[in-house]
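Pasting input18.txt here (compact mmCIF, C-alpha atoms):
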# COMPACT_ATOMS: atom_id res chain seq x y z
CA MET A 10 18.26 -5.37 26.26
CA ARG A 11 17.85 -2.91 23.41
CA ASN A 12 16.30 0.40 24.41
CA PRO A 13 12.65 0.21 23.20
CA TYR A 14 12.61 3.98 22.70
CA ALA A 15 15.73 4.09 20.49
CA PRO A 16 15.11 3.59 16.75
CA VAL A 17 17.50 1.81 14.40
CA ARG A 18 18.41 3.45 11.10
CA MET A 19 16.77 2.19 7.92
CA ARG A 20 17.58 3.11 4.33
CA VAL A 21 14.84 3.68 1.75
CA GLU A 22 15.36 1.31 -1.19
CA ARG A 23 12.07 1.89 -3.03
CA ASN A 24 9.14 4.27 -2.78
CA ALA A 25 6.31 2.78 -4.86
CA VAL A 26 3.00 4.50 -5.60
CA GLU A 27 0.17 2.03 -4.95
CA THR A 28 -3.00 3.92 -5.88
CA GLU A 29 -4.03 6.05 -8.84
CA ASP A 30 -4.50 9.10 -6.63
CA ALA A 31 -1.01 8.56 -5.11
CA SER A 32 -2.51 8.73 -1.61
CA ILE A 33 -0.94 5.39 -0.66
CA ARG A 34 2.69 4.40 -1.16
CA THR A 35 4.82 1.45 -0.10
CA LEU A 36 8.29 2.08 1.31
CA SER A 37 10.82 -0.76 1.11
CA LEU A 38 13.49 -0.34 3.79
CA SER A 39 16.83 -2.03 4.41
CA PHE A 40 18.93 -2.01 7.57
CA VAL A 41 21.79 0.49 7.60
CA GLU A 42 23.52 -1.47 10.38
CA ARG A 43 22.17 -4.94 11.07
CA ARG A 44 23.21 -5.72 14.63
CA GLU A 45 20.58 -8.33 15.46
CA VAL A 46 18.04 -10.54 13.75
CA PHE A 47 14.77 -8.72 13.08
CA ALA A 48 12.34 -11.59 13.68
CA PHE A 49 8.66 -10.79 13.33
CA VAL A 50 5.30 -12.46 12.74
CA PRO A 51 2.82 -11.31 10.05
CA GLY A 52 0.40 -8.94 11.75
CA GLN A 53 2.98 -7.13 13.87
CA PHE A 54 3.77 -3.45 13.39
CA ALA A 55 6.66 -1.03 13.83
CA GLU A 56 7.12 2.68 14.50
CA LEU A 57 8.71 4.75 11.74
CA SER A 58 10.25 8.10 12.66
CA LEU A 59 11.74 11.15 10.99
CA LEU A 60 14.01 13.44 12.96
CA GLY A 61 12.29 16.73 13.68
CA VAL A 62 8.95 15.49 12.33
CA GLY A 63 7.73 12.67 14.56
CA GLU A 64 6.87 8.99 14.43
CA ALA A 65 3.83 6.86 13.68
CA PRO A 66 2.89 3.15 13.78
CA PHE A 67 2.52 1.07 10.60
CA GLY A 68 1.81 -2.60 10.04
CA ILE A 69 4.64 -4.56 8.44
CA ALA A 70 3.45 -5.32 4.92
CA SER A 71 6.19 -7.75 3.88
CA SER A 72 6.73 -11.39 4.73
CA PRO A 73 9.21 -12.56 7.39
CA ALA A 74 10.26 -15.18 4.85
CA ASP A 75 11.97 -12.30 2.97
CA PRO A 76 13.78 -10.52 5.82
CA ASP A 77 16.24 -8.34 3.90
CA LEU A 78 13.64 -5.67 3.07
CA LEU A 79 10.77 -4.45 5.24
CA ASP A 80 7.73 -3.03 3.46
CA PHE A 81 5.42 -0.43 4.98
CA THR A 82 2.31 0.71 3.11
CA ILE A 83 1.52 4.28 4.13
CA SER A 84 -1.62 6.33 3.56
CA ARG A 85 -0.99 10.08 3.46
CA ALA A 86 -3.04 11.46 6.34
CA GLY A 87 -0.90 13.90 8.34
CA GLN A 88 2.52 15.47 8.75
CA VAL A 89 4.51 12.28 9.40
CA THR A 90 2.86 10.27 6.64
CA THR A 91 3.20 13.15 4.17
CA GLU A 92 6.94 13.47 4.85
CA LEU A 93 7.35 9.70 4.51
CA HIS A 94 5.69 9.95 1.09
CA TYR A 95 8.37 12.42 -0.02
CA LEU A 96 11.31 10.13 0.82
CA GLU A 97 13.59 8.97 -1.97
CA PRO A 98 15.93 5.98 -2.29
CA GLY A 99 18.96 6.56 -0.09
CA ASP A 100 17.11 8.59 2.53
CA THR A 101 17.07 7.22 6.08
CA VAL A 102 14.32 6.80 8.65
CA GLY A 103 14.18 5.42 12.18
CA LEU A 104 12.45 2.17 13.08
CA ARG A 105 11.32 0.73 16.43
CA GLY A 106 10.00 -2.80 16.49
CA PRO A 107 8.69 -5.31 15.88
CA LEU A 108 5.84 -4.42 18.21
CA GLY A 109 2.58 -6.02 19.30
CA ASN A 110 1.48 -9.54 18.46
CA GLY A 111 0.80 -11.14 15.09
CA TYR A 112 -1.57 -13.58 13.45
CA PRO A 113 -1.67 -16.93 15.34
CA LEU A 114 0.53 -19.00 13.04
CA GLU A 115 0.65 -22.07 15.27
CA GLU A 116 -3.14 -22.15 15.50
CA LEU A 117 -3.40 -21.85 11.72
CA HIS A 118 -1.16 -24.85 11.01
CA GLY A 119 -3.13 -27.64 9.37
CA ARG A 120 -6.24 -25.51 8.88
CA ASN A 121 -8.00 -23.75 6.04
CA VAL A 122 -7.32 -20.01 6.22
CA LEU A 123 -9.79 -17.37 5.02
CA VAL A 124 -8.11 -13.97 4.57
CA ILE A 125 -10.52 -11.01 4.38
CA GLY A 126 -9.20 -7.51 3.75
CA GLY A 127 -10.43 -4.13 2.68
CA GLY A 128 -8.63 -1.06 1.37
CA PHE A 129 -5.57 0.12 3.23
CA GLY A 130 -6.12 -2.56 5.90
CA PHE A 131 -4.84 -5.27 3.55
CA SER A 132 -1.17 -4.56 4.28
CA THR A 133 -0.54 -7.05 7.11
CA LEU A 134 -2.81 -9.59 5.39
CA ARG A 135 -0.55 -9.28 2.37
CA ALA A 136 2.34 -10.09 4.70
CA PHE A 137 0.57 -13.23 5.92
CA THR A 138 -0.48 -14.34 2.43
CA SER A 139 3.05 -13.91 1.08
CA PHE A 140 4.39 -15.85 4.07
CA ALA A 141 1.87 -18.68 3.62
CA LEU A 142 2.65 -18.97 -0.10
CA HIS A 143 6.41 -19.24 0.43
CA PRO A 144 7.56 -22.74 -0.61
CA ALA A 145 8.94 -23.38 2.87
CA ASN A 146 5.55 -22.61 4.49
CA ARG A 147 2.80 -23.52 2.02
CA GLY A 148 2.53 -27.07 3.35
CA ASP A 149 1.71 -25.78 6.84
CA PHE A 150 -1.75 -24.59 5.75
CA LEU A 151 -4.63 -26.28 3.93
CA ASP A 152 -6.87 -24.25 1.61
CA LEU A 153 -5.94 -20.57 1.38
CA GLU A 154 -8.78 -18.27 0.31
CA VAL A 155 -8.28 -14.50 0.01
CA VAL A 156 -11.07 -11.93 -0.37
CA TYR A 157 -9.93 -8.37 -0.91
CA GLY A 158 -11.86 -5.25 -1.85
CA ALA A 159 -11.58 -1.50 -2.31
CA ARG A 160 -13.94 1.35 -3.11
CA ASN A 161 -12.80 1.44 -6.74
CA PRO A 162 -10.14 -0.24 -8.92
CA GLY A 163 -7.76 2.70 -8.58
CA LEU A 164 -7.54 2.14 -4.81
CA LEU A 165 -6.51 -1.52 -4.96
CA LEU A 166 -3.07 -2.21 -3.51
CA TYR A 167 -0.33 -4.55 -4.76
CA LYS A 168 -1.84 -4.92 -8.22
CA ASP A 169 1.04 -6.93 -9.71
CA GLU A 170 0.98 -9.29 -6.75
CA LEU A 171 -2.78 -9.75 -7.09
CA LYS A 172 -2.30 -10.75 -10.73
CA ASN A 173 0.31 -13.33 -9.74
CA TRP A 174 -1.89 -14.73 -6.97
CA GLY A 175 -4.82 -15.00 -9.37
CA ARG A 176 -2.77 -17.30 -11.60
CA ARG A 177 -1.82 -19.70 -8.81
CA ASP A 178 -3.53 -23.04 -8.37
CA ASP A 179 -2.70 -23.41 -4.66
CA MET A 180 -4.94 -20.57 -3.47
CA SER A 181 -8.23 -18.87 -4.27
CA LEU A 182 -8.45 -15.10 -4.79
CA SER A 183 -11.56 -12.93 -5.04
CA VAL A 184 -11.04 -9.20 -5.69
CA THR A 185 -14.06 -6.92 -5.57
CA VAL A 186 -14.74 -3.18 -5.84
CA ASP A 187 -17.70 -1.16 -4.64
CA ASN A 188 -17.74 1.04 -7.75
CA ALA A 189 -16.30 -0.04 -11.11
CA ASP A 190 -14.98 1.95 -14.04
CA GLN A 191 -15.24 1.06 -17.72
CA ASP A 192 -11.99 -0.90 -17.65
CA TRP A 193 -12.92 -3.10 -14.70
CA SER A 194 -13.96 -6.65 -15.62
CA GLY A 195 -13.88 -8.20 -12.15
CA ARG A 196 -16.36 -8.56 -9.36
CA ILE A 197 -18.50 -5.58 -8.26
CA GLY A 198 -19.83 -5.43 -4.73
CA THR A 199 -18.78 -5.18 -1.11
CA VAL A 200 -16.39 -7.48 0.72
CA PRO A 201 -19.15 -8.85 3.02
CA ALA A 202 -21.24 -9.69 -0.06
CA ALA A 203 -18.29 -11.56 -1.58
CA VAL A 204 -17.67 -13.47 1.66
CA LYS A 205 -21.35 -14.47 1.77
CA THR A 206 -20.95 -16.45 -1.47
CA LEU A 207 -18.17 -18.67 -0.08
CA GLN A 208 -18.48 -22.31 0.82
CA VAL A 209 -16.36 -23.00 3.89
CA ASP A 210 -16.02 -25.81 6.41
CA PRO A 211 -16.40 -23.96 9.72
CA GLU A 212 -14.79 -26.78 11.70
CA SER A 213 -11.51 -26.54 9.79
CA THR A 214 -11.42 -22.83 8.87
CA THR A 215 -9.95 -19.80 10.63
CA ALA A 216 -10.56 -16.26 9.35
CA LEU A 217 -8.13 -13.32 9.47
CA VAL A 218 -9.84 -9.95 9.01
CA CYS A 219 -8.49 -6.41 8.65
CA GLY A 220 -10.03 -3.38 7.00
CA PRO A 221 -12.21 -0.32 7.55
CA PRO A 222 -14.53 -0.44 10.58
CA ALA A 223 -17.66 -0.56 8.39
CA MET A 224 -16.30 -3.53 6.44
CA ILE A 225 -15.49 -5.39 9.64
CA ARG A 226 -18.87 -4.57 11.19
CA TYR A 227 -20.79 -6.05 8.25
CA THR A 228 -18.42 -8.97 7.69
CA LEU A 229 -18.67 -10.41 11.19
CA PRO A 230 -22.38 -11.38 10.91
CA VAL A 231 -21.61 -13.09 7.59
CA LEU A 232 -18.85 -15.15 9.20
CA ALA A 233 -21.29 -16.11 11.96
CA GLU A 234 -23.78 -17.24 9.28
CA LEU A 235 -21.03 -19.36 7.73
CA GLY A 236 -20.65 -21.07 11.11
CA LEU A 237 -17.26 -19.74 12.25
CA ARG A 238 -16.87 -19.56 16.02
CA PRO A 239 -15.65 -16.29 17.58
CA ASP A 240 -12.39 -17.95 18.64
CA ARG A 241 -11.73 -18.83 14.98
CA ILE A 242 -12.04 -15.21 13.81
CA HIS A 243 -9.01 -12.94 14.32
CA LEU A 244 -9.19 -9.19 13.77
CA SER A 245 -6.34 -6.72 13.42
CA LEU A 246 -7.03 -3.38 15.09
CA GLU A 247 -4.82 -0.33 14.71
CA MET A 248 -6.85 2.29 16.53
CA LYS A 249 -5.25 5.29 18.23
CA MET A 250 -1.82 3.71 18.72
CA LYS A 251 1.02 6.08 19.48
CA CYS A 252 3.98 4.89 21.58
CA GLY A 253 3.69 1.22 20.61
CA ILE A 254 4.78 -0.15 23.99
CA GLY A 255 1.80 0.46 26.28
CA LYS A 256 3.11 3.59 28.03
CA CYS A 257 1.09 6.49 26.63
CA GLY A 258 -2.35 4.96 27.27
CA ARG A 259 -3.92 6.18 24.03
CA CYS A 260 -5.01 2.80 22.66
CA ASN A 261 -6.58 1.15 25.69
CA ILE A 262 -9.76 -0.88 25.38
CA GLY A 263 -10.83 -1.35 28.96
CA GLY A 264 -7.77 -2.82 30.64
CA SER A 265 -6.12 -3.96 27.40
CA TYR A 266 -3.85 -2.06 25.04
CA VAL A 267 -4.06 -2.48 21.28
CA CYS A 268 -0.30 -1.95 20.89
CA THR A 269 0.82 -4.62 23.37
CA ASP A 270 -2.13 -7.02 23.76
CA GLY A 271 -2.88 -6.71 20.04
CA PRO A 272 -3.16 -5.47 17.41
CA VAL A 273 -4.48 -8.96 16.58
CA PHE A 274 -7.38 -10.10 18.78
CA SER A 275 -9.72 -13.03 18.48
CA LEU A 276 -13.37 -12.04 18.26
CA ALA A 277 -13.96 -14.15 21.39
CA ARG A 278 -11.56 -11.94 23.31
CA LEU A 279 -12.97 -8.70 21.89
CA ASP A 280 -16.46 -9.80 22.91
CA ARG A 281 -15.24 -9.71 26.53
CA LEU A 282 -13.93 -6.14 26.22
CA PRO A 283 -15.82 -2.83 26.25
CA ARG A 284 -17.27 -1.83 22.86
CA GLU A 285 -14.72 0.94 22.29
CA TYR A 286 -13.17 -0.40 19.07
Would you mind writing the file's structure down as structure tokens?
Amino acid sequence: MRNPYAPVRMRVERNAVETEDASIRTLSLSFVERREVFAFVPGQFAELSLLGVGEAPFGIASSPADPDLLDFTISRAGQVTTELHYLEPGDTVGLRGPLGNGYPLEELHGRNVLVIGGGFGFSTLRAFTSFALHPANRGDFLDLEVVYGARNPGLLLYKDELKNWGRRDDMSLSVTVDNADQDWSGRIGTVPAAVKTLQVDPESTTALVCGPPAMIRYTLPVLAELGLRPDRIHLSLEMKMKCGIGKCGRCNIGGSYVCTDGPVFSLARLDRLPREY
């Protein structure tokens, strides 16, 4: 069994600026030495490390249908994330993973899927959407509806991908911003307000939600109004994770750990846990 504390070496292939303020970048990593299959599910995360700096957890932002490169979208917030922002193609980092659980793919088969994301939290939802749209997988899901928002147009992620998704006829995409600039011609308003306008069949629809706590807090009542049961709403939490394998105790919610029992939880399960998230 591979040592869960020992990272494998990854090579930086691309370092792409995502936002106008350059506060968020996406690193595309390849395996320096591929000794085993890296099989993961959209929604899982991994730990990235830099020797002498530290490590931090990040959701995997790419699809398992494209396994040669792993994408990690990183918001500059501290020492580790700042150093990761400075990496250039050819530099190496350590990786531990995949860790945690992912979105419930088997449950989603044959159902309509409503993807709801906000800001930086859209990364693992991008992984799921890309996976679901792959020709080998698209037939596994019925209607695919994506709602994504940010505070302003300059903070939207994956802009080229959003344009491509908007042109597809096998999915529905709604992109909204809280505050528009003079060049923005799309929807203006919050993510919960956009979700409220949807027409969904609650009996055949499952929702995947990830984003800022305020967005999640105001989206959940809207999903209840639309008739979705708590067991058909899945949330991705990434609070306070550190070690990634349930040893440090930083991310516990009652007797559960976000890093091992999550980060994806059904709302039905979260309703049975202490209100610490």
I'd like the contact shell of Arg120 (chain A) - 12 Å cut-off, only C-alpha atoms, skipping same-chain residues fewer than 5 positions apart - returned as JSON, numbers by chain. {"A": [113, 114, 115, 141, 147, 148, 149, 150, 151, 152, 153, 154, 209, 210, 211, 212, 213, 214, 215, 216, 241]}
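Shortest separation to Arg238 (chain A) among A:Asp280, A:Asp192, A:Asp100, A:Asp270 occurs at residue A:Asp280, atoms counted being all atoms listed in the file.
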d(CA of Phe140 (chain A), CA of Pro51 (chain A)) in Å: 7.7 Å
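Restricting the calculation to only C-alpha atoms, the smallest distance between Ala145 (chain A) and any of A:Ala74, A:Ile69, A:Met250, A:Val41 is found for A:Ala74.
Polymer residues near (-7.5, -21.4, -5.8): counting only C-alpha atoms with a cut-off of 12 Å, they are A:Leu123, A:Leu142, A:Leu151, A:Asp152, A:Leu153, A:Glu154, A:Val155, A:Val156, A:Asn173, A:Trp174, A:Gly175, A:Arg176, A:Arg177, A:Asp178, A:Asp179, A:Met180, A:Ser181, A:Leu182, A:Ser183.
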Contacts of Ala136 (chain A) within 6 Å, only C-alpha atoms, excl. fewer than 3 positions in-chain, as a list of chain:residue names: A:Pro51, A:Ala70, A:Ser71, A:Ser72, A:Thr133, A:Ser139
Can I get the selection written as a CSV table (one decimal), keeping the file's coordinate frame, with C-alpha atoms?
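File produced: part.csv:
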chain,number,residue,atom,x,y,z
A,51,PRO,CA,2.8,-11.3,10.0
A,70,ALA,CA,3.4,-5.3,4.9
A,71,SER,CA,6.2,-7.8,3.9
A,72,SER,CA,6.7,-11.4,4.7
A,133,THR,CA,-0.5,-7.0,7.1
A,139,SER,CA,3.0,-13.9,1.1
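If only C-alpha atoms are the atoms counted, then among A:Asn121, A:Gly258, A:Tyr167, A:Ala203 the closest residue to Leu237 (chain A) is A:Asn121.
Considering only C-alpha atoms, the residue among A:Arg160, A:His143, A:Arg11, A:Arg135 positioned nearest to Asp187 (chain A) is A:Arg160.
Taking CA of Thr28 (chain A) and CA of Leu246 (chain A) as the two end points, the separation is 22.6 Å.
Nearest residue to Gly158 (chain A), choosing from A:Ser84, A:Thr228, A:Thr185, A:Asn12 and counting only C-alpha atoms: A:Thr185.
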Tell me, as a PyMOL selection string, which residues lie within 6 Å of Ser39 (chain A), counting all atoms listed in the file; anything in the same chain fewer than 2 positions away does not count. chain A and resi 19-20+78
With distances taken over all atoms listed in the file, which residue among A:Thr91, A:Asn261, A:Gln53, A:Asn161 lies nearest Ile33 (chain A)? A:Thr91
Residue neighbourhood Val267 (chain A), 9 Å, only C-alpha atoms, exclusion window fewer than 2 positions, as JSON, numbers by chain: {"A": [109, 246, 247, 248, 249, 250, 253, 255, 260, 261, 262, 265, 269, 270, 271, 272, 273, 274]}
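When CA of Leu134 (chain A) is paired with CA of Val218 (chain A), their separation reads 7.9 Å.
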Hey, what's within 9 Å of Glu92 (chain A) if we count all atoms listed in the file and toss same-chain stuff fewer than 4 positions away? As an mmCIF file with C-alpha atoms, in the frame of the given file, please?
data_model
loop_
_atom_site.group_PDB
_atom_site.id
_atom_site.type_symbol
_atom_site.label_atom_id
_atom_site.label_comp_id
_atom_site.auth_asym_id
_atom_site.auth_seq_id
_atom_site.Cartn_x
_atom_site.Cartn_y
_atom_site.Cartn_z
ATOM 1 C CA LEU A 59 11.740 11.150 10.990
ATOM 2 C CA VAL A 62 8.950 15.490 12.330
ATOM 3 C CA ARG A 85 -0.990 10.080 3.460
ATOM 4 C CA GLY A 87 -0.900 13.900 8.340
ATOM 5 C CA GLN A 88 2.520 15.470 8.750
ATOM 6 C CA LEU A 96 11.310 10.130 0.820
#
Around all the atoms of region 247-258 of chain A listed in the file, with 8 Å of room on each side, what axis-aligned box do you get, giving centre and edge lengths in Å to one decimal, as AutoDock Vina command-line options?
--center_x -1.0 --center_y 3.1 --center_z 21.4 --size_x 27.6 --size_y 22.8 --size_z 29.3
Counting all atoms listed in the file, find residues at most 6 Å from (-13.5, -12.6, 15.1) (file frame) and give them as a PyMOL selection string. chain A and resi 239+242-244+275-276
Restricted to C-alpha atoms, what would the selected residues look like written as a PDB file, in the coordinates of the input?
ATOM      1  CA  PRO A 239     -15.650 -16.290  17.580  1.00  0.00           C
ATOM      2  CA  ILE A 242     -12.040 -15.210  13.810  1.00  0.00           C
ATOM      3  CA  HIS A 243      -9.010 -12.940  14.320  1.00  0.00           C
ATOM      4  CA  LEU A 244      -9.190  -9.190  13.770  1.00  0.00           C
ATOM      5  CA  SER A 275      -9.720 -13.030  18.480  1.00  0.00           C
ATOM      6  CA  LEU A 276     -13.370 -12.040  18.260  1.00  0.00           C
TER       7      LEU A 276
END
